[in-house]
>>> print(open('model_10.cif').read())   # mmCIF, C-alpha atoms
data_target
#
loop_
_atom_site.group_PDB
_atom_site.id
_atom_site.type_symbol
_atom_site.label_atom_id
_atom_site.label_comp_id
_atom_site.auth_asym_id
_atom_site.auth_seq_id
_atom_site.Cartn_x
_atom_site.Cartn_y
_atom_site.Cartn_z
ATOM 1 C CA GLY A 1 -3.294 1.316 -17.476
ATOM 2 C CA ASP A 2 -4.877 -0.174 -14.396
ATOM 3 C CA SER A 3 -6.613 2.135 -11.934
ATOM 4 C CA VAL A 4 -8.735 2.039 -8.785
ATOM 5 C CA THR A 5 -11.299 4.644 -7.767
ATOM 6 C CA GLN A 6 -12.670 4.943 -4.243
ATOM 7 C CA MET A 7 -15.292 7.196 -2.752
ATOM 8 C CA GLU A 8 -13.779 10.237 -1.150
ATOM 9 C CA GLY A 9 -13.867 10.622 2.578
ATOM 10 C CA PRO A 10 -14.049 11.249 5.316
ATOM 11 C CA VAL A 11 -16.940 8.952 6.044
ATOM 12 C CA THR A 12 -18.344 9.728 9.483
ATOM 13 C CA LEU A 13 -20.659 7.212 11.142
ATOM 14 C CA SER A 14 -22.075 6.533 14.554
ATOM 15 C CA GLU A 15 -21.181 3.313 16.312
ATOM 16 C CA GLU A 16 -23.239 0.318 15.127
ATOM 17 C CA ALA A 17 -24.123 1.999 11.816
ATOM 18 C CA PHE A 18 -23.863 0.164 8.486
ATOM 19 C CA LEU A 19 -20.771 0.891 6.410
ATOM 20 C CA THR A 20 -20.279 0.891 2.660
ATOM 21 C CA ILE A 21 -17.123 2.166 0.982
ATOM 22 C CA ASN A 22 -17.374 2.071 -2.796
ATOM 23 C CA CYS A 23 -14.529 0.871 -4.976
ATOM 24 C CA THR A 24 -14.453 0.456 -8.748
ATOM 25 C CA TYR A 25 -11.561 -0.556 -10.927
ATOM 26 C CA THR A 26 -10.300 -0.455 -14.496
ATOM 27 C CA ALA A 27 -8.067 -3.280 -15.609
ATOM 28 C CA THR A 28 -7.549 -5.673 -18.472
ATOM 29 C CA GLY A 29 -7.833 -9.354 -17.749
ATOM 30 C CA TYR A 30 -8.769 -10.749 -14.360
ATOM 31 C CA PRO A 31 -7.107 -8.916 -11.504
ATOM 32 C CA SER A 32 -7.085 -9.924 -7.864
ATOM 33 C CA LEU A 33 -8.743 -7.378 -5.575
ATOM 34 C CA PHE A 34 -7.823 -6.334 -2.059
ATOM 35 C CA TRP A 35 -8.825 -4.091 0.793
ATOM 36 C CA TYR A 36 -6.064 -2.787 3.046
ATOM 37 C CA VAL A 37 -6.540 -0.840 6.273
ATOM 38 C CA GLN A 38 -4.170 1.704 7.799
ATOM 39 C CA TYR A 39 -4.642 2.511 11.482
ATOM 40 C CA PRO A 40 -3.052 5.724 12.789
ATOM 41 C CA GLY A 41 0.704 5.380 13.094
ATOM 42 C CA GLU A 42 0.748 1.865 11.688
ATOM 43 C CA GLY A 43 1.561 0.199 8.391
ATOM 44 C CA LEU A 44 -0.965 -1.019 5.861
ATOM 45 C CA GLN A 45 -2.600 -4.303 6.816
ATOM 46 C CA LEU A 46 -4.381 -6.680 4.485
ATOM 47 C CA LEU A 47 -8.054 -6.763 5.481
ATOM 48 C CA LEU A 48 -9.483 -9.099 2.854
ATOM 49 C CA LYS A 49 -9.056 -10.225 -0.723
ATOM 50 C CA ALA A 50 -10.810 -11.922 -3.637
ATOM 51 C CA THR A 51 -9.035 -13.521 -6.554
ATOM 52 C CA LYS A 52 -11.834 -14.222 -9.031
ATOM 53 C CA ALA A 53 -15.266 -13.023 -10.050
ATOM 54 C CA ASP A 54 -18.080 -13.597 -7.539
ATOM 55 C CA ASP A 55 -15.629 -14.437 -4.754
ATOM 56 C CA LYS A 56 -16.448 -12.855 -1.419
ATOM 57 C CA GLY A 57 -13.616 -11.827 0.859
ATOM 58 C CA SER A 58 -14.378 -11.450 4.548
ATOM 59 C CA ASN A 59 -12.538 -10.661 7.769
ATOM 60 C CA LYS A 60 -13.353 -9.054 11.133
ATOM 61 C CA GLY A 61 -16.968 -8.514 10.093
ATOM 62 C CA PHE A 62 -16.000 -6.755 6.843
ATOM 63 C CA GLU A 63 -17.054 -8.197 3.480
ATOM 64 C CA ALA A 64 -16.499 -7.384 -0.186
ATOM 65 C CA THR A 65 -17.690 -9.225 -3.295
ATOM 66 C CA TYR A 66 -15.774 -9.219 -6.586
ATOM 67 C CA ARG A 67 -18.309 -8.043 -9.181
ATOM 68 C CA LYS A 68 -16.840 -8.316 -12.643
ATOM 69 C CA GLU A 69 -19.978 -7.084 -14.392
ATOM 70 C CA THR A 70 -19.799 -3.766 -12.538
ATOM 71 C CA THR A 71 -16.003 -3.812 -12.007
ATOM 72 C CA SER A 72 -16.588 -3.161 -8.324
ATOM 73 C CA PHE A 73 -15.370 -4.407 -4.948
ATOM 74 C CA HIS A 74 -17.363 -2.434 -2.381
ATOM 75 C CA LEU A 75 -16.445 -2.844 1.283
ATOM 76 C CA GLU A 76 -19.292 -3.400 3.761
ATOM 77 C CA LYS A 77 -19.722 -3.949 7.470
ATOM 78 C CA GLY A 78 -23.015 -4.365 9.251
ATOM 79 C CA SER A 79 -22.128 -2.638 12.514
ATOM 80 C CA VAL A 80 -19.042 -0.447 12.819
ATOM 81 C CA GLN A 81 -17.130 0.154 16.024
ATOM 82 C CA VAL A 82 -14.999 3.087 17.141
ATOM 83 C CA SER A 83 -11.967 0.831 16.721
ATOM 84 C CA ASP A 84 -12.710 0.578 12.983
ATOM 85 C CA SER A 85 -11.694 4.220 12.533
ATOM 86 C CA ALA A 86 -8.869 4.127 10.000
ATOM 87 C CA VAL A 87 -8.052 4.745 6.347
ATOM 88 C CA TYR A 88 -9.196 2.020 3.958
ATOM 89 C CA PHE A 89 -7.507 1.362 0.613
ATOM 90 C CA CYS A 90 -8.878 -0.657 -2.264
ATOM 91 C CA ALA A 91 -6.204 -2.208 -4.481
ATOM 92 C CA LEU A 92 -5.713 -4.587 -7.378
ATOM 93 C CA ASN A 93 -2.982 -6.851 -8.685
ATOM 94 C CA ASN A 94 -3.093 -7.681 -12.364
ATOM 95 C CA ALA A 95 -0.616 -10.534 -12.741
ATOM 96 C CA GLY A 96 2.291 -8.174 -12.226
ATOM 97 C CA ASN A 97 4.670 -7.473 -9.422
ATOM 98 C CA MET A 98 2.824 -4.585 -7.848
ATOM 99 C CA LEU A 99 -0.391 -3.426 -6.269
ATOM 100 C CA THR A 100 -2.328 -0.516 -7.738
ATOM 101 C CA PHE A 101 -4.073 1.409 -4.953
ATOM 102 C CA GLY A 102 -7.009 3.750 -4.803
ATOM 103 C CA GLY A 103 -6.674 7.068 -3.039
ATOM 104 C CA GLY A 104 -7.972 5.811 0.304
ATOM 105 C CA THR A 105 -11.103 6.554 2.312
ATOM 106 C CA ARG A 106 -10.909 7.791 5.887
ATOM 107 C CA LEU A 107 -13.546 6.311 8.193
ATOM 108 C CA MET A 108 -14.372 8.041 11.462
ATOM 109 C CA VAL A 109 -16.711 6.254 13.873
ATOM 110 C CA LYS A 110 -18.166 8.267 16.746
ATOM 111 C CA PRO A 111 -19.351 6.692 20.005
ATOM 112 C CA GLY B 1 12.076 -9.980 13.080
ATOM 113 C CA ALA B 2 8.365 -10.133 13.666
ATOM 114 C CA GLY B 3 7.527 -7.448 11.163
ATOM 115 C CA VAL B 4 8.935 -5.156 8.513
ATOM 116 C CA SER B 5 11.075 -2.486 10.133
ATOM 117 C CA GLN B 6 11.838 0.857 8.505
ATOM 118 C CA SER B 7 14.221 3.544 9.633
ATOM 119 C CA PRO B 8 14.309 6.362 10.250
ATOM 120 C CA ARG B 9 10.678 6.880 11.092
ATOM 121 C CA TYR B 10 10.932 10.564 10.216
ATOM 122 C CA LYS B 11 13.478 12.407 8.122
ATOM 123 C CA VAL B 12 13.749 16.115 7.413
ATOM 124 C CA ALA B 13 16.111 16.974 4.582
ATOM 125 C CA LYS B 14 17.164 20.269 3.113
ATOM 126 C CA ARG B 15 16.537 20.584 -0.604
ATOM 127 C CA GLY B 16 19.504 19.202 -2.473
ATOM 128 C CA GLN B 17 20.563 16.845 0.310
ATOM 129 C CA ASP B 18 20.946 13.113 -0.273
ATOM 130 C CA VAL B 19 18.951 10.708 1.921
ATOM 131 C CA ALA B 20 18.995 6.961 2.550
ATOM 132 C CA LEU B 21 15.995 5.056 3.831
ATOM 133 C CA ARG B 22 16.364 1.570 5.265
ATOM 134 C CA CYS B 23 14.039 -1.421 5.198
ATOM 135 C CA ASP B 24 14.490 -4.637 7.204
ATOM 136 C CA PRO B 25 12.036 -7.187 5.785
ATOM 137 C CA ILE B 26 10.707 -10.226 7.572
ATOM 138 C CA SER B 27 13.407 -12.870 7.718
ATOM 139 C CA GLY B 28 13.141 -15.286 4.807
ATOM 140 C CA HIS B 29 10.859 -13.109 2.715
ATOM 141 C CA VAL B 30 11.944 -13.345 -0.881
ATOM 142 C CA SER B 31 10.085 -10.370 -2.326
ATOM 143 C CA LEU B 32 10.582 -6.754 -1.286
ATOM 144 C CA PHE B 33 8.687 -3.734 -2.553
ATOM 145 C CA TRP B 34 9.029 0.031 -2.163
ATOM 146 C CA TYR B 35 6.032 2.346 -2.468
ATOM 147 C CA GLN B 36 5.691 6.135 -2.258
ATOM 148 C CA GLN B 37 2.626 7.589 -0.549
ATOM 149 C CA ALA B 38 2.007 11.305 -0.977
ATOM 150 C CA LEU B 39 -0.157 13.068 1.577
ATOM 151 C CA GLY B 40 -3.800 12.082 1.175
ATOM 152 C CA GLN B 41 -3.051 9.653 -1.652
ATOM 153 C CA GLY B 42 -2.757 5.933 -2.053
ATOM 154 C CA PRO B 43 0.653 4.267 -2.236
ATOM 155 C CA GLU B 44 2.332 4.164 -5.642
ATOM 156 C CA PHE B 45 4.736 1.448 -6.692
ATOM 157 C CA LEU B 46 8.405 2.326 -6.973
ATOM 158 C CA THR B 47 10.419 -0.866 -7.300
ATOM 159 C CA TYR B 48 10.495 -4.629 -6.642
ATOM 160 C CA PHE B 49 13.257 -7.037 -5.612
ATOM 161 C CA GLN B 50 13.291 -10.790 -5.725
ATOM 162 C CA ASN B 51 16.120 -11.710 -3.365
ATOM 163 C CA GLU B 52 18.985 -9.426 -4.433
ATOM 164 C CA ALA B 53 17.760 -8.922 -7.986
ATOM 165 C CA GLN B 54 15.883 -5.731 -8.821
ATOM 166 C CA LEU B 55 13.330 -7.081 -11.272
ATOM 167 C CA ASP B 56 11.158 -4.022 -11.712
ATOM 168 C CA LYS B 57 12.082 -0.379 -11.244
ATOM 169 C CA SER B 58 9.475 1.078 -13.523
ATOM 170 C CA GLY B 59 7.940 3.218 -10.781
ATOM 171 C CA LEU B 60 11.055 5.148 -9.811
ATOM 172 C CA PRO B 61 10.176 8.754 -10.695
ATOM 173 C CA SER B 62 13.629 9.883 -11.778
ATOM 174 C CA ASP B 63 17.251 8.859 -11.920
ATOM 175 C CA ARG B 64 17.730 10.564 -8.545
ATOM 176 C CA PHE B 65 16.047 7.519 -6.993
ATOM 177 C CA PHE B 66 18.095 4.379 -6.485
ATOM 178 C CA ALA B 67 17.347 1.198 -4.551
ATOM 179 C CA GLU B 68 19.494 -1.767 -3.653
ATOM 180 C CA ARG B 69 19.248 -5.054 -1.762
ATOM 181 C CA PRO B 70 22.779 -6.441 -2.068
ATOM 182 C CA GLU B 71 22.435 -9.539 0.099
ATOM 183 C CA GLY B 72 18.796 -10.274 -0.513
ATOM 184 C CA SER B 73 17.719 -9.042 2.905
ATOM 185 C CA VAL B 74 18.000 -5.400 3.995
ATOM 186 C CA SER B 75 17.147 -2.834 1.339
ATOM 187 C CA THR B 76 18.052 0.826 1.019
ATOM 188 C CA LEU B 77 16.219 3.451 -0.995
ATOM 189 C CA LYS B 78 18.459 6.385 -1.796
ATOM 190 C CA ILE B 79 17.276 9.736 -3.068
ATOM 191 C CA GLN B 80 19.888 12.121 -4.389
ATOM 192 C CA ARG B 81 19.534 15.895 -4.520
ATOM 193 C CA THR B 82 16.138 15.824 -2.824
ATOM 194 C CA GLN B 83 13.385 18.096 -4.112
ATOM 195 C CA GLN B 84 10.249 19.294 -2.375
ATOM 196 C CA GLU B 85 8.109 17.012 -4.503
ATOM 197 C CA ASP B 86 9.934 14.046 -2.943
ATOM 198 C CA SER B 87 8.174 14.747 0.361
ATOM 199 C CA ALA B 88 6.069 11.663 1.076
ATOM 200 C CA VAL B 89 5.858 8.532 3.174
ATOM 201 C CA TYR B 90 8.041 5.771 1.765
ATOM 202 C CA LEU B 91 6.643 2.324 2.465
ATOM 203 C CA CYS B 92 8.465 -0.960 2.311
ATOM 204 C CA ALA B 93 6.687 -4.306 2.077
ATOM 205 C CA SER B 94 7.902 -7.881 1.970
ATOM 206 C CA SER B 95 6.327 -11.132 0.934
ATOM 207 C CA LEU B 96 7.200 -14.783 1.304
ATOM 208 C CA GLY B 97 6.050 -15.476 -2.242
ATOM 209 C CA LEU B 98 7.476 -14.518 -5.568
ATOM 210 C CA GLY B 99 6.202 -11.472 -7.379
ATOM 211 C CA THR B 100 2.452 -11.286 -7.209
ATOM 212 C CA SER B 101 0.776 -10.200 -4.050
ATOM 213 C CA ASN B 102 -1.631 -13.124 -3.738
ATOM 214 C CA TYR B 103 0.504 -14.315 -0.849
ATOM 215 C CA GLY B 104 -0.080 -11.009 0.863
ATOM 216 C CA TYR B 105 2.380 -8.296 1.664
ATOM 217 C CA THR B 106 3.480 -7.209 5.110
ATOM 218 C CA PHE B 107 4.028 -3.470 5.144
ATOM 219 C CA GLY B 108 6.326 -1.493 7.389
ATOM 220 C CA SER B 109 5.161 1.679 9.127
ATOM 221 C CA GLY B 110 7.024 3.817 6.628
ATOM 222 C CA THR B 111 9.507 6.661 6.651
ATOM 223 C CA ARG B 112 7.998 10.141 6.433
ATOM 224 C CA LEU B 113 10.361 12.316 4.403
ATOM 225 C CA THR B 114 9.926 16.081 4.496
ATOM 226 C CA VAL B 115 12.093 18.165 2.189
ATOM 227 C CA VAL B 116 12.415 21.805 3.235
#
>>> encode(input="model_10.cif", output="structure tokens")
Amino acid sequence: GDSVTQMEGPVTLSEEAFLTINCTYTATGYPSLFWYVQYPGEGLQLLLKATKADDKGSNKGFEATYRKETTSFHLEKGSVQVSDSAVYFCALNNAGNMLTFGGGTRLMVKP
Amino acid sequence: GAGVSQSPRYKVAKRGQDVALRCDPISGHVSLFWYQQALGQGPEFLTYFQNEAQLDKSGLPSDRFFAERPEGSVSTLKIQRTQQEDSAVYLCASSLGLGTSNYGYTFGSGTRLTVV
């Protein structure tokens, strides 16, 4: 079945550092790929998405490119802020009714 | 309402007790989803409704879990004879579109269930 693997956290960075959170997937066909973010005490929020190979999703300074050849959708940001501290989830939808999530990666940004 | 509302926010149940978790989706959203999120894990799909019809319940872990959405709006997830392994955050999400999540879900803040 479909699966998503993320790098384990926590990832601890200083403010203004470069961020990469790795995500790889296993799926048949051509899934859509997503990054969700969960701030403390809040629900999951869609951060960005890409629906086909080579698409780049972007939002709030975060970017991720759908790489079919490496089955990856790594999340990047050039300069993180303390307010970016949260748990980030990579997910896919493979033409079904549900999202398949990775295990989440906690990001902690120190001033 | 402006967002997806779930209640209660926290629930402590004694093992063997029945619980009911409520989800108020965004008004007009056709699709409604329930997910289970164990501590330190990603959410896992439980069930999906399109209006009042439960079209997919493949993720429900046992027959102790039951979900309904009788009028195509509010949904209730019921767990009978709770067990410790049921302890998790239960997330509800709704979507304006049908089925696939390309329209984007809006998630509620979840209900944290602790079975003691």
>>> closest_residue(input="model_10.cif", among="A:Gly78, A:Gly9, A:Gly43, A:Gly96", to="Asn22 (chain A)", atoms="all atoms listed in the file")
A:Gly9
>>> residues_around(input="model_10.cif", residues="region 86-99 of chain B", least_positions_apart="3", cutoff="8 Å", atoms="all atoms listed in the file", output="VMD selection string")
(chain A and resid 96 to 98) or (chain B and resid 4 6 23 25 to 26 28 to 39 43 50 82 to 83 103 to 115)
>>> interface_residues(input="model_10.cif", of="chain A", to="chain B", cutoff="7 Å", atoms="all atoms listed in the file", output="mmCIF file with C-alpha atoms, in the frame of the given file")
data_model
loop_
_atom_site.group_PDB
_atom_site.id
_atom_site.type_symbol
_atom_site.label_atom_id
_atom_site.label_comp_id
_atom_site.auth_asym_id
_atom_site.auth_seq_id
_atom_site.Cartn_x
_atom_site.Cartn_y
_atom_site.Cartn_z
ATOM 1 C CA GLU A 42 0.748 1.865 11.688
ATOM 2 C CA GLY A 43 1.561 0.199 8.391
ATOM 3 C CA LEU A 44 -0.965 -1.019 5.861
ATOM 4 C CA GLN A 45 -2.600 -4.303 6.816
ATOM 5 C CA ASN A 93 -2.982 -6.851 -8.685
ATOM 6 C CA ALA A 95 -0.616 -10.534 -12.741
ATOM 7 C CA GLY A 96 2.291 -8.174 -12.226
ATOM 8 C CA ASN A 97 4.670 -7.473 -9.422
ATOM 9 C CA MET A 98 2.824 -4.585 -7.848
ATOM 10 C CA THR A 100 -2.328 -0.516 -7.738
ATOM 11 C CA PHE A 101 -4.073 1.409 -4.953
ATOM 12 C CA GLY A 102 -7.009 3.750 -4.803
ATOM 13 C CA GLY A 103 -6.674 7.068 -3.039
ATOM 14 C CA GLY A 104 -7.972 5.811 0.304
#
>>> resolve_selection(input="model_10.cif", expression="the PyMOL selection byres ((chain A and resi 16-21) around 10)", output="ChimeraX atom specification")
/A:6-9,11-15,22-23,62-64,73-82,88-90,104-107,109-111
>>> closest_residue(input="model_10.cif", among="A:Leu47, A:Lys56, A:Tyr39, A:Glu69", to="Ser83 (chain A)", atoms="all atoms listed in the file")
A:Tyr39
>>> atom_distance(input="model_10.cif", atom1="CA of Met108 (chain A)", atom2="CA of Pro8 (chain B)")
28.8 Å
>>> atom_distance(input="model_10.cif", atom1="CA of Phe66 (chain B)", atom2="CA of Gln54 (chain B)")
10.6 Å
>>> atom_distance(input="model_10.cif", atom1="CA of Thr51 (chain A)", atom2="CA of Lys68 (chain A)")
11.2 Å
>>> resolve_selection(input="model_10.cif", expression="the PyMOL selection byres ((chain B and resi 75) around 7)", output="number ranges by chain")
B: 22-24, 68-69, 73-74, 76-77
>>> residues_near_point(input="model_10.cif", point="(-7.4, -4.0, -4.2)", cutoff="6 Å", atoms="all atoms listed in the file", output="PDB file with C-alpha atoms, in the frame of the given file")
ATOM      1  CA  LEU A  33      -8.743  -7.378  -5.575  1.00  0.00           C
ATOM      2  CA  PHE A  34      -7.823  -6.334  -2.059  1.00  0.00           C
ATOM      3  CA  TRP A  35      -8.825  -4.091   0.793  1.00  0.00           C
ATOM      4  CA  CYS A  90      -8.878  -0.657  -2.264  1.00  0.00           C
ATOM      5  CA  ALA A  91      -6.204  -2.208  -4.481  1.00  0.00           C
ATOM      6  CA  LEU A  92      -5.713  -4.587  -7.378  1.00  0.00           C
TER       7      LEU A  92
END
>>> closest_residue(input="model_10.cif", among="A:Val4, A:Ala86, A:Leu48, A:Leu99", to="Thr24 (chain A)", atoms="all atoms listed in the file")
A:Val4
>>> residues_around(input="model_10.cif", residues="Tyr66 (chain A)", least_positions_apart="4", cutoff="7 Å", atoms="only C-alpha atoms", output="number ranges by chain")
A: 50, 52-56, 72-73
